[in-house]
Every structure is written in structure tokens, then in C-alpha cells.
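Enquirer: Just my_file.tsv, nothing more (TSV, C-alpha atoms and all ligand atoms):
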chain	number	residue	atom	x	y	z
H	1	MET	CA	-60.05	185.04	-44.65
H	2	PRO	CA	-61.66	186.21	-41.37
H	3	ASP	CA	-65.18	187.36	-42.17
H	4	VAL	CA	-66.81	190.48	-40.74
H	5	ASN	CA	-69.53	190.65	-43.35
H	6	GLY	CA	-72.63	192.58	-42.32
H	7	HIS	CA	-70.98	194.22	-39.32
H	8	VAL	CA	-70.44	197.94	-38.75
H	9	ALA	CA	-67.00	198.89	-37.45
H	10	LEU	CA	-66.12	202.22	-35.88
H	11	VAL	CA	-62.37	202.79	-36.18
H	12	THR	CA	-60.84	205.74	-34.33
H	13	GLY	CA	-57.67	207.31	-35.68
H	14	ALA	CA	-58.69	206.06	-39.13
H	15	SER	CA	-57.16	209.01	-40.97
H	16	GLN	CA	-53.70	207.43	-41.28
H	17	GLY	CA	-51.32	204.70	-40.13
H	18	ILE	CA	-52.61	201.64	-38.31
H	19	GLY	CA	-56.20	202.96	-38.13
H	20	ARG	CA	-56.32	203.53	-41.88
H	21	ALA	CA	-54.87	200.07	-42.60
H	22	CYS	CA	-57.37	198.53	-40.19
H	23	ALA	CA	-60.31	200.34	-41.82
H	24	LEU	CA	-59.20	199.14	-45.27
H	25	ALA	CA	-58.73	195.56	-44.05
H	26	LEU	CA	-62.13	195.41	-42.30
H	27	ALA	CA	-63.84	196.94	-45.34
H	28	GLU	CA	-62.19	194.39	-47.61
H	29	ALA	CA	-63.50	191.63	-45.32
H	30	GLY	CA	-67.06	192.93	-45.70
H	31	ALA	CA	-67.63	195.39	-42.84
H	32	THR	CA	-69.13	198.85	-43.23
H	33	ILE	CA	-66.75	201.37	-41.71
H	34	ALA	CA	-67.41	204.48	-39.62
H	35	LEU	CA	-64.12	206.34	-40.05
H	36	ALA	CA	-63.33	208.60	-37.08
H	37	ALA	CA	-60.54	211.12	-36.44
H	38	ARG	CA	-60.01	214.90	-36.43
H	39	ASN	CA	-58.58	215.39	-39.93
H	40	GLU	CA	-61.62	215.33	-42.21
H	41	GLU	CA	-59.67	215.62	-45.47
H	42	LYS	CA	-57.58	212.56	-44.68
H	43	LEU	CA	-60.69	210.66	-43.57
H	44	ALA	CA	-62.37	211.51	-46.88
H	45	LEU	CA	-59.38	210.03	-48.76
H	46	VAL	CA	-59.70	206.78	-46.81
H	47	GLN	CA	-63.44	206.73	-47.54
H	48	GLN	CA	-62.70	207.17	-51.26
H	49	GLU	CA	-60.14	204.37	-51.14
H	50	ILE	CA	-62.68	202.02	-49.54
H	51	GLU	CA	-65.44	202.99	-51.98
H	52	SER	CA	-63.11	202.57	-54.97
H	53	LYS	CA	-62.93	198.88	-53.98
H	54	ASP	CA	-66.74	198.65	-53.66
H	55	GLY	CA	-66.66	198.91	-49.87
H	56	HIS	CA	-68.92	201.03	-47.66
H	57	ALA	CA	-67.74	203.81	-45.35
H	58	ALA	CA	-68.62	207.23	-44.00
H	59	THR	CA	-66.61	209.76	-42.03
H	60	PHE	CA	-67.40	211.07	-38.55
H	61	ARG	CA	-65.16	213.83	-37.22
H	62	MET	CA	-64.30	213.39	-33.57
H	63	ASP	CA	-61.62	214.34	-31.12
H	64	VAL	CA	-61.63	211.28	-28.88
H	65	SER	CA	-60.46	213.35	-25.93
H	66	ASN	CA	-63.71	215.34	-26.06
H	67	GLU	CA	-66.59	213.34	-24.58
H	68	ASP	CA	-69.33	215.47	-26.19
H	69	GLU	CA	-67.77	215.15	-29.65
H	70	VAL	CA	-67.48	211.39	-29.22
H	71	LYS	CA	-71.13	211.10	-28.14
H	72	SER	CA	-72.48	213.11	-31.06
H	73	ALA	CA	-70.25	211.40	-33.66
H	74	VAL	CA	-71.23	207.93	-32.40
H	75	LYS	CA	-74.91	208.96	-32.41
H	76	ALA	CA	-74.53	210.11	-36.02
H	77	ALA	CA	-72.83	206.82	-36.98
H	78	ILE	CA	-75.61	204.76	-35.37
H	79	GLU	CA	-78.26	206.90	-37.08
H	80	ARG	CA	-76.50	206.36	-40.40
H	81	PHE	CA	-75.76	202.64	-40.18
H	82	GLY	CA	-78.28	201.43	-37.54
H	83	LYS	CA	-75.63	200.02	-35.18
H	84	VAL	CA	-71.96	199.80	-34.30
H	85	ASP	CA	-70.90	196.28	-33.47
H	86	ILE	CA	-67.13	196.46	-33.83
H	87	LEU	CA	-65.15	199.22	-32.09
H	88	VAL	CA	-61.43	199.68	-32.68
H	89	ASN	CA	-60.00	202.12	-30.12
H	90	ASN	CA	-56.91	203.02	-32.11
H	91	ALA	CA	-56.53	206.82	-31.84
H	92	GLY	CA	-53.36	207.62	-29.98
H	93	MET	CA	-50.61	210.15	-29.50
H	94	THR	CA	-47.21	210.56	-27.88
H	95	ARG	CA	-45.68	213.50	-26.07
H	96	ASP	CA	-42.32	212.07	-25.06
H	97	THR	CA	-39.97	213.55	-22.52
H	98	LEU	CA	-38.21	212.48	-19.34
H	99	LEU	CA	-40.33	212.72	-16.20
H	100	MET	CA	-38.16	215.55	-14.84
H	101	ARG	CA	-39.20	217.71	-17.78
H	102	MET	CA	-42.72	216.41	-18.28
H	103	LYS	CA	-45.35	219.13	-17.99
H	104	ARG	CA	-48.73	218.43	-16.50
H	105	ALA	CA	-50.18	219.17	-19.97
H	106	ASP	CA	-47.95	216.46	-21.55
H	107	TRP	CA	-49.30	213.95	-19.05
H	108	ASP	CA	-52.93	215.03	-19.28
H	109	SER	CA	-53.19	215.17	-23.07
H	110	VAL	CA	-51.72	211.68	-23.57
H	111	LEU	CA	-53.88	210.11	-20.85
H	112	GLN	CA	-56.98	211.96	-22.05
H	113	THR	CA	-56.52	210.86	-25.68
H	114	ASN	CA	-55.14	207.33	-25.32
H	115	LEU	CA	-57.04	206.13	-22.25
H	116	SER	CA	-60.04	208.39	-21.58
H	117	GLY	CA	-60.70	208.46	-25.35
H	118	ALA	CA	-61.14	204.68	-25.34
H	119	PHE	CA	-63.44	204.98	-22.31
H	120	PHE	CA	-65.59	207.64	-24.01
H	121	CYS	CA	-65.88	205.66	-27.27
H	122	THR	CA	-66.63	202.38	-25.50
H	123	GLN	CA	-69.30	203.97	-23.34
H	124	ALA	CA	-70.86	205.57	-26.43
H	125	VAL	CA	-71.12	202.31	-28.43
H	126	ILE	CA	-71.75	199.72	-25.72
H	127	GLY	CA	-75.54	200.25	-25.71
H	128	SER	CA	-75.72	199.29	-29.39
H	129	MET	CA	-73.69	196.12	-28.75
H	130	LEU	CA	-75.65	195.14	-25.63
H	131	LYS	CA	-78.91	195.53	-27.50
H	132	GLN	CA	-77.96	193.04	-30.17
H	133	ARG	CA	-75.99	190.75	-27.87
H	134	TRP	CA	-72.95	190.76	-30.12
H	135	GLY	CA	-69.91	192.96	-30.12
H	136	ARG	CA	-66.16	193.19	-30.60
H	137	ILE	CA	-64.02	195.82	-28.89
H	138	ILE	CA	-60.34	195.96	-29.80
H	139	ASN	CA	-58.07	198.37	-27.96
H	140	ILE	CA	-54.72	199.27	-29.49
H	141	THR	CA	-52.19	199.29	-26.71
H	142	SER	CA	-48.38	199.03	-27.09
H	143	VAL	CA	-45.40	196.92	-26.13
H	144	PHE	CA	-44.41	199.93	-24.00
H	145	GLY	CA	-47.61	199.48	-21.97
H	146	GLN	CA	-46.23	196.01	-21.16
H	147	THR	CA	-42.54	196.85	-20.54
H	148	GLY	CA	-42.48	200.61	-19.90
H	149	GLN	CA	-40.17	202.93	-21.82
H	150	ALA	CA	-37.89	205.69	-20.59
H	151	GLY	CA	-39.14	209.07	-21.80
H	152	GLN	CA	-42.67	207.73	-22.15
H	153	ALA	CA	-44.10	207.65	-18.61
H	154	ASN	CA	-47.33	209.22	-19.88
H	155	TYR	CA	-47.64	206.98	-22.97
H	156	SER	CA	-46.65	203.78	-21.11
H	157	ALA	CA	-49.14	204.54	-18.31
H	158	SER	CA	-51.92	205.17	-20.83
H	159	LYS	CA	-51.20	201.95	-22.71
H	160	ALA	CA	-50.88	199.85	-19.51
H	161	GLY	CA	-54.17	201.40	-18.42
H	162	LEU	CA	-55.77	200.26	-21.66
H	163	ILE	CA	-54.77	196.67	-20.86
H	164	GLY	CA	-56.50	196.88	-17.46
H	165	PHE	CA	-59.50	198.50	-19.12
H	166	THR	CA	-59.59	195.66	-21.68
H	167	MET	CA	-59.65	192.95	-19.00
H	168	ALA	CA	-62.24	194.72	-16.84
H	169	MET	CA	-64.53	195.31	-19.82
H	170	ALA	CA	-64.08	191.73	-21.03
H	171	ARG	CA	-65.43	190.47	-17.70
H	172	GLU	CA	-68.22	193.04	-17.60
H	173	VAL	CA	-69.78	192.28	-20.99
H	174	ALA	CA	-68.88	188.63	-21.65
H	175	SER	CA	-72.38	187.40	-20.74
H	176	ARG	CA	-73.75	189.48	-23.64
H	177	ASN	CA	-71.47	187.81	-26.21
H	178	ILE	CA	-69.24	190.88	-26.49
H	179	THR	CA	-65.51	190.19	-26.56
H	180	VAL	CA	-62.93	192.78	-25.54
H	181	ASN	CA	-59.30	192.32	-26.53
H	182	ALA	CA	-56.16	194.37	-27.02
H	183	VAL	CA	-53.55	194.38	-29.76
H	184	ALA	CA	-50.07	195.38	-28.63
H	185	PRO	CA	-47.90	196.49	-31.55
H	186	GLY	CA	-44.14	196.72	-31.15
H	187	TYR	CA	-42.22	199.00	-33.47
H	188	ILE	CA	-44.37	199.77	-36.52
H	189	GLU	CA	-43.37	202.10	-39.38
H	190	THR	CA	-45.95	204.93	-39.32
H	191	ALA	CA	-45.95	208.71	-38.85
H	192	MET	CA	-45.71	208.06	-35.10
H	193	THR	CA	-42.25	206.49	-35.45
H	194	GLU	CA	-40.88	208.23	-38.55
H	195	GLY	CA	-39.27	210.99	-36.45
H	196	LEU	CA	-36.92	208.52	-34.70
H	197	SER	CA	-33.24	208.91	-35.65
H	198	ALA	CA	-31.66	206.32	-37.97
H	199	ASP	CA	-29.39	205.32	-35.08
H	200	LEU	CA	-32.31	204.68	-32.72
H	201	LYS	CA	-34.19	202.81	-35.45
H	202	SER	CA	-31.28	200.45	-35.96
H	203	LYS	CA	-30.91	199.94	-32.18
H	204	VAL	CA	-34.63	199.11	-31.96
H	205	ASN	CA	-34.31	196.67	-34.88
H	206	GLU	CA	-31.56	194.86	-32.94
H	207	MET	CA	-34.09	194.26	-30.13
H	208	ILE	CA	-36.53	192.59	-32.55
H	209	PRO	CA	-35.90	188.88	-33.24
H	210	LEU	CA	-37.52	189.24	-36.69
H	211	GLY	CA	-34.96	192.03	-37.32
H	212	ARG	CA	-37.25	194.67	-38.79
H	213	ALA	CA	-40.06	197.09	-38.06
H	214	GLY	CA	-43.62	195.89	-38.59
H	215	THR	CA	-46.09	197.38	-41.04
H	216	ASP	CA	-49.50	198.89	-40.42
H	217	LYS	CA	-50.99	196.04	-42.50
H	218	GLU	CA	-49.48	193.43	-40.19
H	219	VAL	CA	-51.22	195.06	-37.22
H	220	ALA	CA	-54.46	195.33	-39.23
H	221	HIS	CA	-54.45	191.54	-39.84
H	222	ALA	CA	-54.45	190.92	-36.07
H	223	ILE	CA	-57.26	193.44	-35.50
H	224	LYS	CA	-59.32	191.88	-38.30
H	225	PHE	CA	-58.88	188.42	-36.79
H	226	LEU	CA	-60.05	189.57	-33.33
H	227	ALA	CA	-63.05	191.31	-34.94
H	228	SER	CA	-64.10	188.18	-36.79
H	229	GLU	CA	-66.23	185.18	-35.88
H	230	ALA	CA	-63.00	183.14	-35.93
H	231	ALA	CA	-62.02	184.79	-32.62
H	232	SER	CA	-65.35	184.13	-30.88
H	233	TYR	CA	-63.81	182.36	-27.85
H	234	ILE	CA	-61.03	184.88	-27.22
H	235	THR	CA	-61.64	187.66	-24.72
H	236	GLY	CA	-59.54	189.68	-22.29
H	237	HIS	CA	-56.47	188.80	-24.36
H	238	VAL	CA	-53.49	190.95	-25.37
H	239	LEU	CA	-52.28	189.91	-28.82
H	240	ASN	CA	-48.65	190.91	-29.41
H	241	VAL	CA	-47.71	192.07	-32.90
H	242	ASN	CA	-44.10	192.88	-32.18
H	243	GLY	CA	-41.76	190.65	-34.20
H	244	GLY	CA	-40.80	188.85	-30.98
H	245	MET	CA	-39.67	192.04	-29.17
H	246	LEU	CA	-41.51	190.83	-26.06
H	247	MET	CA	-42.44	187.20	-25.51
H	248	GLY	CA	-44.40	185.37	-22.84
H	301	LIG	N1	-46.42	203.03	-34.71
H	301	LIG	C1	-46.04	202.27	-33.70
H	301	LIG	O1	-44.89	201.82	-33.63
H	301	LIG	C2	-47.03	201.90	-32.62
H	301	LIG	C3	-46.60	200.97	-31.66
H	301	LIG	C4	-47.46	200.59	-30.65
H	301	LIG	C5	-48.73	201.15	-30.58
H	301	LIG	N2	-49.12	202.07	-31.52
H	301	LIG	C6	-50.45	202.62	-31.37
H	301	LIG	O2	-51.19	202.44	-32.55
H	301	LIG	C7	-52.16	203.48	-32.68
H	301	LIG	C8	-52.04	204.12	-34.07
H	301	LIG	O3	-50.75	204.68	-34.18
H	301	LIG	P1	-50.04	205.00	-35.57
H	301	LIG	O4	-48.67	204.48	-35.48
H	301	LIG	O5	-50.90	204.63	-36.70
H	301	LIG	O6	-49.93	206.59	-35.39
H	301	LIG	P2	-50.26	207.82	-36.33
H	301	LIG	O7	-49.88	207.53	-37.73
H	301	LIG	O8	-49.67	208.99	-35.62
H	301	LIG	O9	-51.86	207.90	-36.25
H	301	LIG	C9	-52.52	208.30	-35.09
H	301	LIG	C10	-53.99	208.39	-35.41
H	301	LIG	O10	-54.68	208.78	-34.22
H	301	LIG	C11	-55.53	209.87	-34.52
H	301	LIG	N3	-55.67	210.72	-33.35
H	301	LIG	C12	-54.69	211.23	-32.56
H	301	LIG	N4	-55.22	212.00	-31.60
H	301	LIG	C13	-56.57	211.97	-31.79
H	301	LIG	C14	-57.67	212.57	-31.13
H	301	LIG	N5	-57.50	213.37	-30.05
H	301	LIG	N6	-58.91	212.33	-31.59
H	301	LIG	C15	-59.11	211.54	-32.67
H	301	LIG	N7	-58.11	210.94	-33.34
H	301	LIG	C16	-56.86	211.16	-32.91
H	301	LIG	C17	-54.87	210.59	-35.69
H	301	LIG	O11	-55.86	211.25	-36.48
H	301	LIG	P3	-56.12	212.83	-36.57
H	301	LIG	O12	-54.82	213.51	-36.39
H	301	LIG	O13	-56.74	212.99	-37.92
H	301	LIG	O14	-57.09	213.09	-35.46
H	301	LIG	C18	-54.30	209.42	-36.48
H	301	LIG	O15	-55.27	208.90	-37.36
H	301	LIG	C19	-51.89	204.45	-31.53
H	301	LIG	O16	-52.79	204.20	-30.48
H	301	LIG	C20	-50.48	204.12	-31.13
H	301	LIG	O17	-50.22	204.44	-29.78
H	301	LIG	C21	-48.30	202.45	-32.53
Take the structure in the file and write it out as C-alpha cells.
Expert:
Amino acid sequence: MPDVNGHVALVTGASQGIGRACALALAEAGATIALAARNEEKLALVQQEIESKDGHAATFRMDVSNEDEVKSAVKAAIERFGKVDILVNNAGMTRDTLLMRMKRADWDSVLQTNLSGAFFCTQAVIGSMLKQRWGRIINITSVFGQTGQAGQANYSASKAGLIGFTMAMAREVASRNITVNAVAPGYIETAMTEGLSADLKSKVNEMIPLGRAGTDKEVAHAIKFLASEAASYITGHVLNVNGGMLMG
């Protein structure tokens, strides 16, 4: 099992879905988890779940689109645990509509959360990683950041931007033994996708060679691997977790 023992992981969007599964998986593999999101009640439930299995976690409320909130939550996490050496930029949102109908606010909120949020969090934790000359940053992008998707110009742009951000950061901090990678999920069953119609879900499944949606746990396994010592020579990479939906 990939080992992250002794490390402190900050996971954004840890209140549910992929972020929650990732927090549980990293805690099970020995990391202490700083759980970040806006919904404090849900975060507290994830903390309880981790502690019930003898893991260590604490909650830090933050809206990733708000730079000041990110800075003070990260400061609090570092004060509490002494460092953050794994960052999972997972918090994300959609506001889907065709470009013709897309409001400036739909564009801005998705870019500010999905892309600027990752920038704010990375900037807030990078000092801690540089200091100890070890770090893992994992950005959760999407297959639609690789292929584009009609009705998701804002989301696709934010997720493609995250891939560029990943590669630039990987080059910038490699000499300090910090790796920066992205995980690109395909169609995963979470709250984000539960609103899709049954018809659309079955059409999407037809596009997936493995013939089914993925689970949040399956994405968490990939994140845990990239966070571990086992992935020490991988940086600037985009790891697809998409059932074969996009290859190459
Ligand atoms: N599900 C899929 O098929 C799929 C596919 C590809 C990529 N992804 C990506 O995977 C990530 C997780 O998605 P999911 O499917 O697990 O979605 P989800 O169930 O909707 O969870 C989204 C998480 O992001 C947090 N979040 C949203 N806006 C935030 C903000 N401004 N500040 C802090 N936290 C915020 C939410 O927490 P609070 O509401 O408590 O703040 C929640 O924990 C996203 O980046 C998404 O784009 C998902």
C-alpha cells in the first residue's frame, strides 16, 4: 500500500465526494489530514470518520475562491500540525450552460473556484514545502479539461488551466524535491454528477470502454499513489482515471 506516514495533507473540498474519499484514503495510509471546505458540519463528520479509525484530522473552513480565507486557514493548519507537505487541490464546482447564455458571473465563479482557488492554496502552502525540501501537490482536473465539453466552456477552461498550472509548477519547484501532478477523472458518481438525466448517464456510459461510471474511491487511489513515496519520480504528469474514456 502506498505509504504517506508522517505527512500532513491538506485536502480541499474534503466535505464530500472525491475530496472526502481522498481524505479517508490518505488518513488510512498514515497521513494527518487538514480537511478544508465551506460546510463545517460535513467536514466534522469526515473528521469523526477518520478518528473512528484511529486516524488524525482537523477541520479548517475555507472558501477557496477567497484568498484571505485560504491564507488564514492554511496558517491555522500549519500552526496546528507544524507543516503541510501534501496539497490536494480538489475543490471544484460547475455552472453549466451554453456560451450564448453564459453570464459573466457563471464564468467568473467557476474560474475563481476551480483555477484561482488552486493558485491561492498552492501559494499558501508552498513555503512550508520549500522549507523542508519535500512536497506533493495534486490538482484535480477533468477529462473535460482535456477534450472540452459543450455547455461547459467555463469548467473546461478552468480544468485545462489547471493542467497548465500543474506543468508550470512542476518545473518551478522540482529542484526542491516537490512534485506537482494532476489527476483527471472521467465520469465519477458523486453529487456533482447525480443531477444528470438517466438518458445522459447511459449515453456517457456508452463512451466509457469499461462501461460504467467510476467511484470516488477509485479516484482517491490515484491521488494516494501520487502523494506517496512510490511516485517520487513522477512530476508534471496528468493521470487519467476515466475508464478508458480518453486514451493517449
Ligand atoms: N464527479 C465527476 O464526475 C468529476 C469528474 C472530473 C473531475 N471532477 C472534479 O473532482 C473534484 C471533486 O468533485 P466531486 O465530484 O467530488 O464534487 P462534489 O461532490 O460536488 O464536491 C465538491 C467539493 O468541493 C467543495 N467546494 C466547492 N466550492 C468550494 C469553494 N468555493 N471553497 C471550498 N470548497 C469548495 C465542496 O465543499 P463545500 O460545499 O463544503 O465547500 C465539496 O466538498 C472537483 O474539482 C471536480 O471538478 C469530478
Enquirer: Select the residues contacting ligand LIG 301 (chain H) at a distance of at most 8 Å, based on all atoms listed in the file, then format the selection as a PyMOL selection string.
Expert: chain H and resi 12-20+36-40+42-43+61-66+89-94+113-114+117+140-144+155+159+184-193+214+216
Enquirer: Go ahead and compute the interatomic distance for CA of Glu49 in chain H and CA of Lys83 in chain H, in Å to one decimal.
Expert: 22.7 Å
Enquirer: Hey, can you check how far CA of Ala124 in chain H sits from CA of Phe81 in chain H?
Expert: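 Atom-to-atom, CA of Ala124 in chain H to CA of Phe81 in chain H, that is 14.9 Å.
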Enquirer: Write out as a VMD selection string the residues lying within 6 Å of range 243-246 of chain H, counting only C-alpha atoms and excluding same-chain residues fewer than 6 positions away.
Expert: chain H and resid 208 to 210
Enquirer: One decimal, Å: what's the distance from CA of Met207 in chain H over to CA of Met247 in chain H, could you say?
Expert: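 Interatomic distance here is 11.9 Å.
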Enquirer: Check the smallest atom-to-atom distance from each of H:Val180, H:Ala198, H:Val110, H:Leu35 to Gly135 in chain H using all atoms listed in the file, then report the winner.
Expert: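 Of H:Val180, H:Ala198, H:Val110, H:Leu35, the one nearest Gly135 in chain H is H:Val180, counting all atoms listed in the file.
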Enquirer: Calculated over only C-alpha atoms, which of the candidates H:Ala105, H:Val84, H:Ile234, H:Met100 has the smallest distance to Arg171 in chain H?
Expert: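 The closest residue to Arg171 in chain H is H:Ile234.
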Enquirer: Which one of H:Ile33, H:Ala182, H:Ile78, H:Met169 sits closest to His237 in chain H if you count only C-alpha atoms?
Expert: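 That would be H:Ala182, the residue with the smallest distance to His237 in chain H.
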Enquirer: Which residue out of H:Ala9, H:Val4, H:Leu99, H:Leu24 has the minimum interatomic distance to Met129 in chain H when all atoms listed in the file are used?
Expert: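 Closest to Met129 in chain H, using all atoms listed in the file: H:Ala9.
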Enquirer: Could you pull the residues within 10 Å of Phe225 in chain H, counting all atoms listed in the file, minus those fewer than 5 positions along the same chain, as a tab-separated table (two decimals) with C-alpha atoms, in the frame of the given file?
Expert:
chain	number	residue	atom	x	y	z
H	1	MET	CA	-60.05	185.04	-44.65
H	2	PRO	CA	-61.66	186.21	-41.37
H	3	ASP	CA	-65.18	187.36	-42.17
H	4	VAL	CA	-66.81	190.48	-40.74
H	26	LEU	CA	-62.13	195.41	-42.30
H	220	ALA	CA	-54.46	195.33	-39.23
H	230	ALA	CA	-63.00	183.14	-35.93
H	231	ALA	CA	-62.02	184.79	-32.62
H	232	SER	CA	-65.35	184.13	-30.88
Enquirer: Please determine, counting all atoms listed in the file, which residue among H:Glu218, H:Asp85, H:Glu206, H:Asp108 has the shortest atom-to-atom distance to Gln132 in chain H.
Expert: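 Under the stated criterion, the closest residue is H:Asp85.
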Enquirer: Find the smallest box with edges along x, y and z containing every listed atom of range 57-65 of chain H, then add 3 Å on each side and report centre and edge lengths in Å to one decimal, as AutoDock Vina command-line options.
Expert:
--center_x -64.5 --center_y 209.1 --center_z -35.6 --size_x 14.2 --size_y 16.5 --size_z 25.4
Enquirer: At a cut-off of 7 Å around the point (-68.9, 205.5, -40.4) (file coordinates), what residues fall inside when counting only C-alpha atoms? I'd like the answer as a short mmCIF file (atom, residue, chain, number, x, y, z; two decimals) with C-alpha atoms, in the coordinates of the input.
Expert:
data_model
loop_
_atom_site.label_atom_id
_atom_site.label_comp_id
_atom_site.auth_asym_id
_atom_site.auth_seq_id
_atom_site.Cartn_x
_atom_site.Cartn_y
_atom_site.Cartn_z
CA LEU H 10 -66.12 202.22 -35.88
CA ILE H 33 -66.75 201.37 -41.71
CA ALA H 34 -67.41 204.48 -39.62
CA LEU H 35 -64.12 206.34 -40.05
CA ALA H 57 -67.74 203.81 -45.35
CA ALA H 58 -68.62 207.23 -44.00
CA THR H 59 -66.61 209.76 -42.03
CA PHE H 60 -67.40 211.07 -38.55
CA ALA H 77 -72.83 206.82 -36.98
#
Enquirer: Which residues are near Gly151 in chain H? Cut-off 7 Å, all atoms listed in the file, ignore same chain within fewer than 4 positions. Put them as a compact mmCIF listing (two decimals) with C-alpha atoms, keeping the file's coordinate frame.
Expert:
# COMPACT_ATOMS: atom_id res chain seq x y z
CA ASP H 96 -42.32 212.07 -25.06
CA THR H 97 -39.97 213.55 -22.52
CA LEU H 98 -38.21 212.48 -19.34
CA LEU H 99 -40.33 212.72 -16.20
Enquirer: Under the rule that all atoms listed in the file are counted, which of H:Trp134, H:Trp107, H:Phe165, H:Phe120 is the nearest residue to Ala227 in chain H?
Expert: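 Under the stated criterion, the closest residue is H:Trp134.
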Enquirer: Give me the residues near Ile138 in chain H as a list in words, where near means some atom within 10 Å (using only C-alpha atoms) and where sequence neighbours in that chain fewer than 3 positions away do not count.
Expert: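 Returned residues: Val11, Ile86, Leu87, Val88, Asn89, Asn90, Ala118, Thr122, Thr141, Thr166, Thr179, Val180, Asn181, Ala182, Val183, Ala222, Ile223, Lys224, Leu226, Ala227, Thr235, Gly236, His237 and Val238 of chain H.
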Enquirer: For range 33-49 of chain H, supply N, CA, C and O atoms and report the output as a PDB file, in the coordinates of the input.
Expert:
ATOM      1  N   ILE H  33     -67.667 200.696 -42.637  1.00  0.00           N
ATOM      2  CA  ILE H  33     -66.750 201.370 -41.710  1.00  0.00           C
ATOM      3  C   ILE H  33     -67.180 202.796 -41.392  1.00  0.00           C
ATOM      4  O   ILE H  33     -67.373 203.617 -42.300  1.00  0.00           O
ATOM      5  N   ALA H  34     -67.268 203.101 -40.096  1.00  0.00           N
ATOM      6  CA  ALA H  34     -67.410 204.480 -39.620  1.00  0.00           C
ATOM      7  C   ALA H  34     -65.989 204.959 -39.314  1.00  0.00           C
ATOM      8  O   ALA H  34     -65.345 204.471 -38.377  1.00  0.00           O
ATOM      9  N   LEU H  35     -65.513 205.869 -40.154  1.00  0.00           N
ATOM     10  CA  LEU H  35     -64.120 206.340 -40.050  1.00  0.00           C
ATOM     11  C   LEU H  35     -64.094 207.566 -39.139  1.00  0.00           C
ATOM     12  O   LEU H  35     -64.723 208.585 -39.442  1.00  0.00           O
ATOM     13  N   ALA H  36     -63.341 207.493 -38.040  1.00  0.00           N
ATOM     14  CA  ALA H  36     -63.330 208.600 -37.080  1.00  0.00           C
ATOM     15  C   ALA H  36     -61.908 209.113 -36.836  1.00  0.00           C
ATOM     16  O   ALA H  36     -60.966 208.327 -36.714  1.00  0.00           O
ATOM     17  N   ALA H  37     -61.797 210.433 -36.798  1.00  0.00           N
ATOM     18  CA  ALA H  37     -60.540 211.120 -36.440  1.00  0.00           C
ATOM     19  C   ALA H  37     -60.830 212.610 -36.507  1.00  0.00           C
ATOM     20  O   ALA H  37     -61.986 213.004 -36.710  1.00  0.00           O
ATOM     21  N   ARG H  38     -59.785 213.447 -36.359  1.00  0.00           N
ATOM     22  CA  ARG H  38     -60.010 214.900 -36.430  1.00  0.00           C
ATOM     23  C   ARG H  38     -59.822 215.437 -37.841  1.00  0.00           C
ATOM     24  O   ARG H  38     -60.481 216.378 -38.244  1.00  0.00           O
ATOM     25  N   ASN H  39     -58.913 214.842 -38.614  1.00  0.00           N
ATOM     26  CA  ASN H  39     -58.580 215.390 -39.930  1.00  0.00           C
ATOM     27  C   ASN H  39     -59.576 214.885 -40.993  1.00  0.00           C
ATOM     28  O   ASN H  39     -59.469 213.763 -41.502  1.00  0.00           O
ATOM     29  N   GLU H  40     -60.537 215.760 -41.321  1.00  0.00           N
ATOM     30  CA  GLU H  40     -61.620 215.330 -42.210  1.00  0.00           C
ATOM     31  C   GLU H  40     -61.159 215.075 -43.637  1.00  0.00           C
ATOM     32  O   GLU H  40     -61.688 214.204 -44.326  1.00  0.00           O
ATOM     33  N   GLU H  41     -60.139 215.852 -44.088  1.00  0.00           N
ATOM     34  CA  GLU H  41     -59.670 215.620 -45.470  1.00  0.00           C
ATOM     35  C   GLU H  41     -59.032 214.239 -45.605  1.00  0.00           C
ATOM     36  O   GLU H  41     -59.291 213.512 -46.565  1.00  0.00           O
ATOM     37  N   LYS H  42     -58.215 213.883 -44.618  1.00  0.00           N
ATOM     38  CA  LYS H  42     -57.580 212.560 -44.680  1.00  0.00           C
ATOM     39  C   LYS H  42     -58.628 211.448 -44.554  1.00  0.00           C
ATOM     40  O   LYS H  42     -58.523 210.412 -45.212  1.00  0.00           O
ATOM     41  N   LEU H  43     -59.621 211.673 -43.707  1.00  0.00           N
ATOM     42  CA  LEU H  43     -60.690 210.660 -43.570  1.00  0.00           C
ATOM     43  C   LEU H  43     -61.418 210.467 -44.896  1.00  0.00           C
ATOM     44  O   LEU H  43     -61.736 209.339 -45.290  1.00  0.00           O
ATOM     45  N   ALA H  44     -61.658 211.595 -45.596  1.00  0.00           N
ATOM     46  CA  ALA H  44     -62.370 211.510 -46.880  1.00  0.00           C
ATOM     47  C   ALA H  44     -61.552 210.700 -47.896  1.00  0.00           C
ATOM     48  O   ALA H  44     -62.126 209.949 -48.706  1.00  0.00           O
ATOM     49  N   LEU H  45     -60.225 210.825 -47.835  1.00  0.00           N
ATOM     50  CA  LEU H  45     -59.380 210.030 -48.760  1.00  0.00           C
ATOM     51  C   LEU H  45     -59.499 208.538 -48.460  1.00  0.00           C
ATOM     52  O   LEU H  45     -59.549 207.707 -49.376  1.00  0.00           O
ATOM     53  N   VAL H  46     -59.562 208.202 -47.174  1.00  0.00           N
ATOM     54  CA  VAL H  46     -59.700 206.780 -46.810  1.00  0.00           C
ATOM     55  C   VAL H  46     -61.068 206.269 -47.252  1.00  0.00           C
ATOM     56  O   VAL H  46     -61.191 205.163 -47.789  1.00  0.00           O
ATOM     57  N   GLN H  47     -62.087 207.110 -47.078  1.00  0.00           N
ATOM     58  CA  GLN H  47     -63.440 206.730 -47.540  1.00  0.00           C
ATOM     59  C   GLN H  47     -63.416 206.450 -49.045  1.00  0.00           C
ATOM     60  O   GLN H  47     -63.936 205.424 -49.510  1.00  0.00           O
ATOM     61  N   GLN H  48     -62.785 207.366 -49.799  1.00  0.00           N
ATOM     62  CA  GLN H  48     -62.700 207.170 -51.260  1.00  0.00           C
ATOM     63  C   GLN H  48     -62.003 205.861 -51.616  1.00  0.00           C
ATOM     64  O   GLN H  48     -62.420 205.135 -52.506  1.00  0.00           O
ATOM     65  N   GLU H  49     -60.915 205.591 -50.870  1.00  0.00           N
ATOM     66  CA  GLU H  49     -60.140 204.370 -51.140  1.00  0.00           C
ATOM     67  C   GLU H  49     -61.008 203.131 -50.913  1.00  0.00           C
ATOM     68  O   GLU H  49     -60.981 202.187 -51.707  1.00  0.00           O
TER      69      GLU H  49
END
